[in-house]
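Shown here: structure-v7.csv, CSV, C-alpha atoms and all ligand atoms.
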```csv
chain,number,residue,atom,x,y,z
A,1,MET,CA,66.8,-174.7,29.3
A,2,THR,CA,65.9,-176.5,32.4
A,3,LYS,CA,63.7,-173.7,33.5
A,4,ILE,CA,61.8,-173.7,30.3
A,5,ASP,CA,61.3,-177.5,30.4
A,6,ILE,CA,59.9,-177.3,33.9
A,7,LYS,CA,57.4,-174.6,32.9
A,8,LYS,CA,56.3,-176.6,29.9
A,9,LYS,CA,55.7,-179.6,32.1
A,10,VAL,CA,53.6,-177.7,34.6
A,11,LEU,CA,51.5,-176.1,31.9
A,12,SER,CA,50.8,-179.3,30.0
A,13,LYS,CA,49.6,-180.9,33.3
A,14,ASN,CA,47.4,-177.9,33.8
A,15,ASP,CA,46.2,-178.1,30.2
A,16,GLU,CA,45.2,-181.7,30.7
A,17,ALA,CA,43.1,-180.8,33.8
A,18,ALA,CA,41.6,-177.9,31.8
A,19,LEU,CA,40.5,-180.2,29.0
A,20,LYS,CA,38.7,-182.4,31.6
A,21,LEU,CA,37.0,-179.3,33.0
A,22,LYS,CA,35.8,-178.3,29.5
A,23,ALA,CA,34.3,-181.8,29.0
A,24,ILE,CA,32.4,-181.5,32.3
A,25,PHE,CA,31.2,-178.0,31.5
A,26,ALA,CA,30.0,-179.1,28.1
A,27,GLU,CA,28.2,-182.1,29.5
A,28,LYS,CA,26.5,-180.1,32.2
A,29,GLY,CA,25.7,-177.1,30.0
A,30,ILE,CA,27.8,-174.7,32.1
A,31,LYS,CA,29.4,-171.6,30.6
A,32,CYS,CA,32.6,-170.8,32.5
A,33,PHE,CA,34.1,-167.3,32.9
A,34,ASN,CA,37.6,-166.6,34.2
A,35,LEU,CA,38.0,-163.1,35.7
A,36,ILE,CA,41.6,-161.9,35.8
A,37,GLY,CA,42.6,-158.5,37.1
A,38,SER,CA,44.9,-156.7,39.6
A,39,PRO,CA,44.1,-156.6,43.3
A,40,GLY,CA,41.5,-153.8,43.8
A,41,SER,CA,40.4,-153.7,40.1
A,42,GLY,CA,36.8,-154.3,41.2
A,43,LYS,CA,36.2,-157.9,40.2
A,44,THR,CA,34.1,-158.8,43.3
A,45,SER,CA,32.2,-155.5,43.1
A,46,VAL,CA,31.2,-156.1,39.5
A,47,LEU,CA,29.9,-159.5,40.5
A,48,GLU,CA,28.0,-158.1,43.5
A,49,ALA,CA,26.4,-155.5,41.3
A,50,ALA,CA,25.5,-158.1,38.6
A,51,PHE,CA,24.0,-160.5,41.1
A,52,GLU,CA,22.0,-157.7,42.7
A,53,MET,CA,20.7,-156.6,39.2
A,54,GLY,CA,20.0,-160.2,38.0
A,55,LYS,CA,18.5,-161.4,41.3
A,56,GLY,CA,16.2,-164.4,40.9
A,57,SER,CA,17.1,-164.9,37.2
A,58,LEU,CA,20.8,-165.9,37.2
A,59,LYS,CA,21.8,-169.5,37.7
A,60,CYS,CA,25.5,-168.8,38.7
A,61,ALA,CA,28.0,-170.1,41.1
A,62,VAL,CA,31.3,-168.6,42.0
A,63,ILE,CA,34.8,-169.9,42.8
A,64,GLU,CA,36.8,-167.2,44.6
A,65,GLY,CA,40.6,-167.2,44.6
A,66,ASP,CA,42.6,-165.2,47.1
A,67,VAL,CA,45.9,-165.5,48.9
A,68,LYS,CA,44.2,-165.3,52.3
A,69,THR,CA,40.7,-164.9,53.7
A,70,ASP,CA,37.2,-165.9,52.5
A,71,LYS,CA,36.0,-162.3,52.5
A,72,ASP,CA,35.0,-162.4,48.8
A,73,MET,CA,33.2,-165.7,49.1
A,74,GLN,CA,31.2,-164.1,52.0
A,75,ARG,CA,30.3,-161.1,49.9
A,76,ILE,CA,29.1,-163.3,47.0
A,77,LYS,CA,27.1,-165.6,49.4
A,78,GLU,CA,25.3,-162.5,50.8
A,79,LYS,CA,23.8,-162.0,47.3
A,80,GLY,CA,22.3,-165.5,47.5
A,81,ILE,CA,24.8,-167.0,45.0
A,82,PRO,CA,26.6,-170.3,45.9
A,83,ALA,CA,30.3,-169.7,46.3
A,84,VAL,CA,33.4,-171.4,47.5
A,85,GLN,CA,36.8,-170.0,48.4
A,86,ILE,CA,40.3,-171.2,47.4
A,87,GLU,CA,42.9,-169.7,49.7
A,88,THR,CA,46.2,-170.2,47.8
A,89,ASP,CA,48.4,-169.4,50.8
A,90,GLY,CA,50.9,-167.5,48.7
A,91,ALA,CA,50.4,-168.7,45.2
A,92,CYS,CA,49.5,-165.9,42.8
A,93,HIS,CA,47.2,-167.8,40.4
A,94,LEU,CA,44.6,-170.6,40.3
A,95,ASN,CA,45.2,-173.8,38.4
A,96,ALA,CA,42.7,-176.2,36.7
A,97,GLU,CA,43.2,-179.0,39.2
A,98,GLN,CA,42.0,-176.7,42.0
A,99,ILE,CA,38.9,-175.8,40.0
A,100,GLY,CA,38.1,-179.6,39.5
A,101,VAL,CA,38.3,-180.1,43.3
A,102,MET,CA,36.0,-177.1,44.1
A,103,LEU,CA,33.4,-178.2,41.5
A,104,ASN,CA,32.5,-181.0,43.8
A,105,LYS,CA,31.4,-178.5,46.4
A,106,LEU,CA,29.1,-176.6,44.1
A,107,PRO,CA,25.5,-177.4,42.9
A,108,THR,CA,26.7,-178.0,39.3
A,109,GLU,CA,23.3,-179.6,38.3
A,110,GLU,CA,21.5,-176.3,39.1
A,111,ILE,CA,23.7,-173.8,37.4
A,112,ASN,CA,24.4,-172.7,33.8
A,113,CYS,CA,27.2,-170.3,34.7
A,114,LEU,CA,30.4,-170.7,36.7
A,115,ILE,CA,32.4,-167.6,37.4
A,116,ILE,CA,36.0,-168.0,38.6
A,117,GLU,CA,37.5,-164.9,40.2
A,118,ASN,CA,41.2,-165.4,39.9
A,119,VAL,CA,43.8,-164.2,42.4
A,120,GLY,CA,44.5,-160.5,41.8
A,121,ASN,CA,47.4,-160.5,39.4
A,122,LEU,CA,47.9,-159.4,35.8
A,123,ILE,CA,50.7,-161.8,34.9
A,124,CYS,CA,50.8,-165.5,35.6
A,125,PRO,CA,47.0,-166.3,35.8
A,126,THR,CA,47.1,-165.6,32.0
A,127,SER,CA,49.2,-168.8,31.6
A,128,TYR,CA,46.7,-171.1,33.2
A,129,ASP,CA,43.7,-172.3,31.3
A,130,LEU,CA,40.9,-173.0,33.8
A,131,GLY,CA,38.6,-174.5,31.1
A,132,GLU,CA,36.8,-171.2,30.7
A,133,GLU,CA,34.8,-170.2,27.6
A,134,GLU,CA,35.3,-166.5,28.2
A,135,ARG,CA,38.4,-164.9,29.8
A,136,MET,CA,37.5,-161.5,31.2
A,137,ILE,CA,40.2,-159.0,31.9
A,138,VAL,CA,39.0,-156.6,34.6
A,139,ILE,CA,40.7,-153.2,34.9
A,140,SER,CA,39.8,-150.0,36.6
A,141,VAL,CA,40.3,-146.6,35.2
A,142,ALA,CA,42.4,-145.8,38.3
A,143,GLU,CA,45.1,-148.2,37.2
A,144,GLY,CA,46.2,-146.0,34.3
A,145,ASP,CA,45.3,-146.3,30.6
A,146,ASP,CA,48.7,-147.6,29.6
A,147,LYS,CA,48.3,-151.0,31.3
A,148,PRO,CA,47.3,-153.0,28.2
A,149,LEU,CA,50.6,-151.9,26.6
A,150,LYS,CA,52.7,-152.8,29.6
A,151,TYR,CA,51.0,-156.2,30.4
A,152,PRO,CA,49.8,-157.3,27.0
A,153,SER,CA,49.4,-161.0,27.7
A,154,ALA,CA,46.5,-160.4,30.0
A,155,PHE,CA,44.8,-158.6,27.2
A,156,THR,CA,45.7,-160.8,24.2
A,157,SER,CA,44.5,-163.9,26.0
A,158,ALA,CA,41.2,-162.4,27.0
A,159,THR,CA,37.9,-162.4,25.1
A,160,VAL,CA,36.3,-159.6,27.1
A,161,MET,CA,37.6,-156.5,28.8
A,162,ILE,CA,35.6,-155.0,31.7
A,163,ILE,CA,36.6,-151.5,32.4
A,164,THR,CA,35.5,-150.7,36.0
A,165,LYS,CA,35.0,-147.6,38.2
A,166,ILE,CA,34.3,-145.3,35.2
A,167,ASP,CA,32.6,-143.0,37.7
A,168,LEU,CA,36.2,-142.3,39.0
A,169,ALA,CA,37.5,-141.2,35.6
A,170,PRO,CA,37.1,-137.4,36.2
A,171,TYR,CA,39.2,-137.7,39.4
A,172,VAL,CA,42.1,-139.8,38.1
A,173,ASP,CA,44.6,-139.0,35.4
A,174,SER,CA,43.2,-141.7,33.0
A,175,ASP,CA,40.8,-141.7,30.1
A,176,PRO,CA,38.6,-144.8,29.6
A,177,GLU,CA,38.5,-144.3,25.8
A,178,THR,CA,42.4,-144.3,25.7
A,179,LEU,CA,42.4,-147.4,27.9
A,180,LYS,CA,39.9,-149.1,25.6
A,181,ASN,CA,41.9,-148.1,22.5
A,182,ASN,CA,45.2,-149.3,24.0
A,183,ALA,CA,43.6,-152.7,24.7
A,184,LEU,CA,42.1,-152.9,21.2
A,185,SER,CA,45.6,-152.2,19.8
A,186,VAL,CA,46.9,-155.4,21.4
A,187,ASN,CA,43.7,-157.4,20.8
A,188,PRO,CA,41.2,-156.0,18.3
A,189,ARG,CA,38.7,-158.8,19.0
A,190,LEU,CA,38.1,-157.8,22.6
A,191,LYS,CA,34.5,-157.2,23.6
A,192,VAL,CA,34.7,-154.1,25.8
A,193,LEU,CA,32.3,-153.2,28.7
A,194,MET,CA,32.5,-149.8,30.4
A,195,THR,CA,31.1,-150.3,33.9
A,196,SER,CA,30.6,-148.7,37.3
A,197,ALA,CA,29.5,-151.0,40.1
A,198,LYS,CA,28.7,-147.8,42.0
A,199,THR,CA,26.2,-146.3,39.5
A,200,GLY,CA,25.2,-149.5,37.8
A,201,GLU,CA,26.3,-148.3,34.4
A,202,GLY,CA,27.2,-151.1,32.0
A,203,ILE,CA,26.4,-153.8,34.6
A,204,ASP,CA,23.3,-154.8,32.5
A,205,ARG,CA,25.6,-155.9,29.7
A,206,PHE,CA,27.6,-158.1,32.0
A,207,VAL,CA,24.4,-159.6,33.4
A,208,GLU,CA,23.4,-160.4,29.8
A,209,MET,CA,26.7,-162.1,29.2
A,210,ILE,CA,26.4,-164.4,32.2
A,211,SER,CA,22.6,-165.1,31.7
B,301,MG,MG,38.0,-159.9,44.9
B,302,ZN,ZN,51.2,-167.2,39.8
```
Could you write out this file's structure as structure tokens?
Ligand code: MG
Ligand code: ZN
Amino acid sequence: MTKIDIKKKVLSKNDEAALKLKAIFAEKGIKCFNLIGSPGSGKTSVLEAAFEMGKGSLKCAVIEGDVKTDKDMQRIKEKGIPAVQIETDGACHLNAEQIGVMLNKLPTEEINCLIIENVGNLICPTSYDLGEEERMIVISVAEGDDKPLKYPSAFTSATVMIITKIDLAPYVDSDPETLKNNALSVNPRLKVLMTSAKTGEGIDRFVEMIS
């Protein structure tokens, strides 16, 4: 019982902070996206490819979340996109309060799109609302097409699924169509994008979504 109570308290504190974020986003006309996926699923690579394709037309900023290093922030900045890094130093998810602090470090008057790349993890980031309008689950074909069945909460709480590295499908024992159908079986409303950051396939649809 005690454990459950503590979790509830933490979540309601987060939900309060998330509500404040939603109000800020609405006031400033910013659409917020929360990218959730395993380490190595290709979250940063999809962003790099999108910023390359949408160069000059996108008004985005990025908040990067990782346990250590600012490597991903550097990769995003190299594409000319404002970015800040949250190093969680062990924590496996981001919370809404952290996003509120980082917003002050971004040119919020000049953007209409904020992308949060969550810490690589399919489990607890799904319990933390970051004030986002779209929650995007990012999964590569190499992770196996059964993952939506094994980690359903990541898929049921998302509005968009980005399947990445589809160029690898012939080399790994996984079928993108099966992966897609498994995800749709746990959440029929998911919008599904099949992408390859390497070949550029499907990246245009992602650029449209964040434009
Ligand atoms: Mg990354
Ligand atoms: Zn966590």
### Message
Neighbouring residues of ligand ZN 302 (chain B) are defined here as those with any atom at most 10 Å from a ligand atom, counting only C-alpha atoms and all ligand atoms; list them as a PyMOL selection string.
### Response
chain A and resi 88+90-95+119-128
Sort by chain and increasing residue number a table of all residues of region 78-183 of chain A within 12 Å of region 47-70 of chain A, each with its closest pair of atoms and their distance in Å to one decimal, counting only C-alpha atoms, and write it as CSV.
```
residue,atom,partner,partner_atom,distance
A:Glu78,CA,A:Glu48,CA,8.9
A:Lys79,CA,A:Phe51,CA,6.4
A:Gly80,CA,A:Phe51,CA,8.3
A:Ile81,CA,A:Ala61,CA,5.9
A:Pro82,CA,A:Ala61,CA,5.0
A:Ala83,CA,A:Val62,CA,4.5
A:Val84,CA,A:Ile63,CA,5.1
A:Gln85,CA,A:Glu64,CA,4.7
A:Ile86,CA,A:Gly65,CA,4.9
A:Glu87,CA,A:Asp66,CA,5.2
A:Thr88,CA,A:Val67,CA,4.8
A:Asp89,CA,A:Val67,CA,5.0
A:Gly90,CA,A:Val67,CA,5.4
A:Ala91,CA,A:Val67,CA,6.6
A:Cys92,CA,A:Val67,CA,7.1
A:His93,CA,A:Gly65,CA,7.8
A:Leu94,CA,A:Gly65,CA,6.8
A:Asn95,CA,A:Gly65,CA,10.2
A:Ala96,CA,A:Ile63,CA,11.8
A:Gln98,CA,A:Ile63,CA,9.9
A:Ile99,CA,A:Ile63,CA,7.7
A:Gly100,CA,A:Ile63,CA,10.8
A:Val101,CA,A:Ile63,CA,10.8
A:Met102,CA,A:Ile63,CA,7.4
A:Leu103,CA,A:Ile63,CA,8.5
A:Asn104,CA,A:Ile63,CA,11.4
A:Lys105,CA,A:Ile63,CA,9.9
A:Leu106,CA,A:Ala61,CA,7.2
A:Pro107,CA,A:Ala61,CA,7.9
A:Thr108,CA,A:Ala61,CA,8.2
A:Glu109,CA,A:Lys59,CA,10.2
A:Glu110,CA,A:Lys59,CA,6.9
A:Ile111,CA,A:Lys59,CA,4.7
A:Asn112,CA,A:Lys59,CA,5.7
A:Cys113,CA,A:Cys60,CA,4.6
A:Leu114,CA,A:Ala61,CA,5.0
A:Ile115,CA,A:Val62,CA,4.8
A:Ile116,CA,A:Ile63,CA,4.8
A:Glu117,CA,A:Glu64,CA,5.0
A:Asn118,CA,A:Gly65,CA,5.1
A:Val119,CA,A:Gly65,CA,4.9
A:Gly120,CA,A:Asp66,CA,7.3
A:Asn121,CA,A:Asp66,CA,10.2
A:Pro125,CA,A:Gly65,CA,10.9
A:Leu130,CA,A:Ile63,CA,11.3
A:Val138,CA,A:Leu47,CA,11.2
A:Ile162,CA,A:Leu47,CA,11.4
A:Thr164,CA,A:Leu47,CA,11.4
```
Could you write out the selected residues, including C-alpha atoms, as an mmCIF file, in the frame of the given file?
```cif
data_model
loop_
_atom_site.group_PDB
_atom_site.id
_atom_site.type_symbol
_atom_site.label_atom_id
_atom_site.label_comp_id
_atom_site.auth_asym_id
_atom_site.auth_seq_id
_atom_site.Cartn_x
_atom_site.Cartn_y
_atom_site.Cartn_z
ATOM 1 C CA GLU A 78 25.300 -162.500 50.800
ATOM 2 C CA LYS A 79 23.800 -162.000 47.300
ATOM 3 C CA GLY A 80 22.300 -165.500 47.500
ATOM 4 C CA ILE A 81 24.800 -167.000 45.000
ATOM 5 C CA PRO A 82 26.600 -170.300 45.900
ATOM 6 C CA ALA A 83 30.300 -169.700 46.300
ATOM 7 C CA VAL A 84 33.400 -171.400 47.500
ATOM 8 C CA GLN A 85 36.800 -170.000 48.400
ATOM 9 C CA ILE A 86 40.300 -171.200 47.400
ATOM 10 C CA GLU A 87 42.900 -169.700 49.700
ATOM 11 C CA THR A 88 46.200 -170.200 47.800
ATOM 12 C CA ASP A 89 48.400 -169.400 50.800
ATOM 13 C CA GLY A 90 50.900 -167.500 48.700
ATOM 14 C CA ALA A 91 50.400 -168.700 45.200
ATOM 15 C CA CYS A 92 49.500 -165.900 42.800
ATOM 16 C CA HIS A 93 47.200 -167.800 40.400
ATOM 17 C CA LEU A 94 44.600 -170.600 40.300
ATOM 18 C CA ASN A 95 45.200 -173.800 38.400
ATOM 19 C CA ALA A 96 42.700 -176.200 36.700
ATOM 20 C CA GLN A 98 42.000 -176.700 42.000
ATOM 21 C CA ILE A 99 38.900 -175.800 40.000
ATOM 22 C CA GLY A 100 38.100 -179.600 39.500
ATOM 23 C CA VAL A 101 38.300 -180.100 43.300
ATOM 24 C CA MET A 102 36.000 -177.100 44.100
ATOM 25 C CA LEU A 103 33.400 -178.200 41.500
ATOM 26 C CA ASN A 104 32.500 -181.000 43.800
ATOM 27 C CA LYS A 105 31.400 -178.500 46.400
ATOM 28 C CA LEU A 106 29.100 -176.600 44.100
ATOM 29 C CA PRO A 107 25.500 -177.400 42.900
ATOM 30 C CA THR A 108 26.700 -178.000 39.300
ATOM 31 C CA GLU A 109 23.300 -179.600 38.300
ATOM 32 C CA GLU A 110 21.500 -176.300 39.100
ATOM 33 C CA ILE A 111 23.700 -173.800 37.400
ATOM 34 C CA ASN A 112 24.400 -172.700 33.800
ATOM 35 C CA CYS A 113 27.200 -170.300 34.700
ATOM 36 C CA LEU A 114 30.400 -170.700 36.700
ATOM 37 C CA ILE A 115 32.400 -167.600 37.400
ATOM 38 C CA ILE A 116 36.000 -168.000 38.600
ATOM 39 C CA GLU A 117 37.500 -164.900 40.200
ATOM 40 C CA ASN A 118 41.200 -165.400 39.900
ATOM 41 C CA VAL A 119 43.800 -164.200 42.400
ATOM 42 C CA GLY A 120 44.500 -160.500 41.800
ATOM 43 C CA ASN A 121 47.400 -160.500 39.400
ATOM 44 C CA PRO A 125 47.000 -166.300 35.800
ATOM 45 C CA LEU A 130 40.900 -173.000 33.800
ATOM 46 C CA VAL A 138 39.000 -156.600 34.600
ATOM 47 C CA ILE A 162 35.600 -155.000 31.700
ATOM 48 C CA THR A 164 35.500 -150.700 36.000
#
```
### Message
Within 10 Å of (40.2, -144.3, 30.5) in the file's own coordinates, which protein, DNA or RNA residues have an atom, counting all atoms listed in the file? List them as a PyMOL selection string.
### Response
chain A and resi 139-146+163-166+168-170+172-182+194
### Task
Kindly provide, as a PyMOL selection string, all nucleotide and amino acid residues lying within 6 Å of ligand MG 301 (chain B), counting all atoms listed in the file.
chain A and resi 43-44+72
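Between CA of Val192 (chain A) and CA of Tyr171 (chain A) the interatomic distance comes to 21.8 Å.
Of the residues listed (A:Ala17, A:Ser196, A:Lys71, A:Arg135), A:Arg135 shows the shortest atom-to-atom separation from Gly37 (chain A); distances use all atoms listed in the file.
Between CA of Ala23 (chain A) and CA of Ile137 (chain A) the interatomic distance comes to 23.7 Å.
Between CA of Arg205 (chain A) and CA of Lys28 (chain A) lies a distance of 24.3 Å.
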### Task
List the neighbours of Arg189 (chain A) out to 10 Å using all atoms listed in the file; skip same-chain residues closer than 4 positions along the sequence, and give me the result as a PyMOL selection string.
chain A and resi 156+158-160+183-185
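Distance check against Pro148 (chain A) using all atoms listed in the file: of A:Val186, A:Cys32, A:Gly131, A:Met161, the minimum falls on A:Val186.
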### Task
Find, counting only C-alpha atoms, the residue in A:Ser45, A:Ser12, A:Asn34, A:Ser211 that gets nearest to Glu133 (chain A).
A:Asn34
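Across A:Ile210, A:Leu21, A:Ile30, A:Leu35, the tightest approach to Ser157 (chain A) is made by A:Leu35 when counting all atoms listed in the file.
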### Query
Using all atoms listed in the file, which residue out of A:Val46, A:Leu19, A:Ile36, A:Leu190 lies closest to Gly202 (chain A)?
A:Val46
Provide region 78-102 of chain A rebuilt to N, CA, C and O atoms, formatted as a CSV table (one decimal), in the frame of the given file.
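Result saved to result.csv:
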```csv
chain,number,residue,atom,x,y,z
A,78,GLU,N,26.3,-163.4,50.3
A,78,GLU,CA,25.3,-162.5,50.8
A,78,GLU,C,24.4,-162.1,49.6
A,78,GLU,O,23.3,-161.6,49.9
A,79,LYS,N,24.7,-162.3,48.4
A,79,LYS,CA,23.8,-162.0,47.3
A,79,LYS,C,23.0,-163.2,46.9
A,79,LYS,O,22.3,-163.2,45.9
A,80,GLY,N,23.1,-164.3,47.7
A,80,GLY,CA,22.3,-165.5,47.5
A,80,GLY,C,22.9,-166.4,46.4
A,80,GLY,O,22.2,-167.3,45.8
A,81,ILE,N,24.2,-166.2,46.1
A,81,ILE,CA,24.8,-167.0,45.0
A,81,ILE,C,25.7,-168.1,45.7
A,81,ILE,O,26.5,-167.7,46.6
A,82,PRO,N,25.7,-169.3,45.3
A,82,PRO,CA,26.6,-170.3,45.9
A,82,PRO,C,28.0,-170.0,45.6
A,82,PRO,O,28.3,-169.6,44.4
A,83,ALA,N,28.9,-170.1,46.6
A,83,ALA,CA,30.3,-169.7,46.3
A,83,ALA,C,31.2,-170.5,47.2
A,83,ALA,O,30.8,-170.9,48.3
A,84,VAL,N,32.4,-170.8,46.7
A,84,VAL,CA,33.4,-171.4,47.5
A,84,VAL,C,34.7,-170.6,47.4
A,84,VAL,O,34.9,-169.9,46.4
A,85,GLN,N,35.6,-170.8,48.3
A,85,GLN,CA,36.8,-170.0,48.4
A,85,GLN,C,38.0,-170.9,48.2
A,85,GLN,O,38.1,-171.9,48.9
A,86,ILE,N,39.0,-170.5,47.4
A,86,ILE,CA,40.3,-171.2,47.4
A,86,ILE,C,41.2,-170.1,48.0
A,86,ILE,O,41.4,-169.0,47.5
A,87,GLU,N,41.9,-170.5,49.1
A,87,GLU,CA,42.9,-169.7,49.7
A,87,GLU,C,44.3,-170.3,49.2
A,87,GLU,O,44.6,-171.4,49.6
A,88,THR,N,45.0,-169.6,48.4
A,88,THR,CA,46.2,-170.2,47.8
A,88,THR,C,47.4,-170.1,48.7
A,88,THR,O,48.4,-170.8,48.4
A,89,ASP,N,47.3,-169.4,49.9
A,89,ASP,CA,48.4,-169.4,50.8
A,89,ASP,C,49.7,-169.0,50.2
A,89,ASP,O,50.8,-169.6,50.4
A,90,GLY,N,49.7,-168.0,49.3
A,90,GLY,CA,50.9,-167.5,48.7
A,90,GLY,C,51.0,-167.6,47.2
A,90,GLY,O,51.6,-166.7,46.6
A,91,ALA,N,50.3,-168.6,46.7
A,91,ALA,CA,50.4,-168.7,45.2
A,91,ALA,C,49.6,-167.6,44.5
A,91,ALA,O,48.6,-167.2,45.1
A,92,CYS,N,50.1,-167.1,43.4
A,92,CYS,CA,49.5,-165.9,42.8
A,92,CYS,C,48.6,-166.2,41.6
A,92,CYS,O,48.3,-165.3,40.8
A,93,HIS,N,48.1,-167.4,41.5
A,93,HIS,CA,47.2,-167.8,40.4
A,93,HIS,C,46.4,-169.0,40.8
A,93,HIS,O,46.8,-169.7,41.8
A,94,LEU,N,45.4,-169.3,40.1
A,94,LEU,CA,44.6,-170.6,40.3
A,94,LEU,C,45.0,-171.6,39.2
A,94,LEU,O,45.4,-171.1,38.1
A,95,ASN,N,44.9,-172.9,39.4
A,95,ASN,CA,45.2,-173.8,38.4
A,95,ASN,C,43.9,-174.7,38.2
A,95,ASN,O,43.0,-174.7,39.0
A,96,ALA,N,43.9,-175.4,37.1
A,96,ALA,CA,42.7,-176.2,36.7
A,96,ALA,C,42.4,-177.3,37.6
A,96,ALA,O,41.2,-177.6,37.8
A,97,GLU,N,43.4,-177.9,38.2
A,97,GLU,CA,43.2,-179.0,39.2
A,97,GLU,C,42.4,-178.5,40.4
A,97,GLU,O,41.5,-179.2,40.9
A,98,GLN,N,42.7,-177.3,40.9
A,98,GLN,CA,42.0,-176.7,42.0
A,98,GLN,C,40.5,-176.5,41.6
A,98,GLN,O,39.6,-176.7,42.5
A,99,ILE,N,40.3,-176.1,40.4
A,99,ILE,CA,38.9,-175.8,40.0
A,99,ILE,C,38.1,-177.2,40.0
A,99,ILE,O,37.0,-177.2,40.5
A,100,GLY,N,38.8,-178.2,39.5
A,100,GLY,CA,38.1,-179.6,39.5
A,100,GLY,C,37.7,-180.0,40.9
A,100,GLY,O,36.6,-180.5,41.1
A,101,VAL,N,38.6,-179.7,41.9
A,101,VAL,CA,38.3,-180.1,43.3
A,101,VAL,C,37.1,-179.3,43.8
A,101,VAL,O,36.1,-179.8,44.4
A,102,MET,N,37.1,-178.0,43.5
A,102,MET,CA,36.0,-177.1,44.1
A,102,MET,C,34.7,-177.4,43.4
A,102,MET,O,33.6,-177.2,44.0
```
